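**Student:** Can you keep this structure in mind? I'll have questions shortly.
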Amino acid sequence: MRIPHIVRIGALVIATTAFYTYVGQMVPQKEVQPPEDATIGSEMTTADMVKVGRQIMSGKGLCLTCHTVGKTGALRFPDLQGVAVRAKTRVQGLSDVEYFAQSIYEPTAFVVPGFPPAMPPMNKPPFSLTDQEILCVIAYLQSLGGTPTVTLQTKHHYNSGAAAAGAPAAATPATPAPATPPKGPGER
């Protein structure tokens, strides 16, 4: 008995669909919720800022998508374990706070050798971290191998603080004077 080609093709389509449905169900399913907004209050201690900074890094900032803490092997971006110690000497003339701020606001100013210049500025969309959220992230980064010293009142080059030694001052573009349209006949 001969089976028509249309039936063979139909059976192949059904078998293929069933196979990929089975394989698709073997992949673990994970529901992802939007990150919770961190509550930052003016009375926060540095220890509270460290906790909020960790929450921001794993949530809204998505930092731990590319960075690791204490892992080795093929890394997408630098491992952050002990980063507080390295930050003090990474860029000559910058304190650890200034270095972390530069790495977050202007990540391509200094790129760790061996890694691509691919980190986006975290204070701009799509992340849009606020200055206070970034201070919390800096507190968390300082806790990785050091003692956090930042508070919500800490100023640095990027949040209206004095420019650090060796850091270029941000240039403010001159605002051109509005052009005056030429006067027509009969106008004064």
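Each chain in the structure tokens gets a letter, A, B and so on, in the order shown; residues start at 1 in every chain, and ligands are counted from 1 in the order they appear.
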Residues within 12 Å of Cys136 (chain A), please, as a ChimeraX atom specification. Count only C-alpha atoms; anything in the same chain fewer than 4 positions from it doesn't count.

**Tutor:** /A:38-41,44-57,61,97,100-101,104,129-132,140-143,148-154

**Student:** Write out as a list in words which residues come within 12 Å of Arg86 (chain A) when counting only C-alpha atoms, dropping same-chain ones fewer than 6 positions away.

**Tutor:**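 Non-adjacent residues within range: Pro78, Asp79, Leu80, Gln92, Leu94, Ser95, Asp96, Val97, Tyr99, Phe100, Val112, Leu141, Gln142, Leu144, Gly145 and Gly146 of chain A.
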
**Student:** Rounded to one decimal place, report the CA of Pro121 (chain A)-CA of His67 (chain A) distance in Å.

**Tutor:**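 Taking CA of Pro121 (chain A) as the start and CA of His67 (chain A) as the end point, the length is 14.8 Å.
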
**Student:** Using Å and a single decimal, report how far CA of Arg8 (chain A) sits from CA of Gly24 (chain A).

**Tutor:**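 Taking CA of Gly24 (chain A) and CA of Arg8 (chain A), their separation equals 24.1 Å.
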
**Student:** Just how far from CA of Ser103 (chain A) is CA of Ala118 (chain A), in Å to one decimal?

**Tutor:**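 Separation between CA of Ala118 (chain A) and CA of Ser103 (chain A): 11.6 Å.
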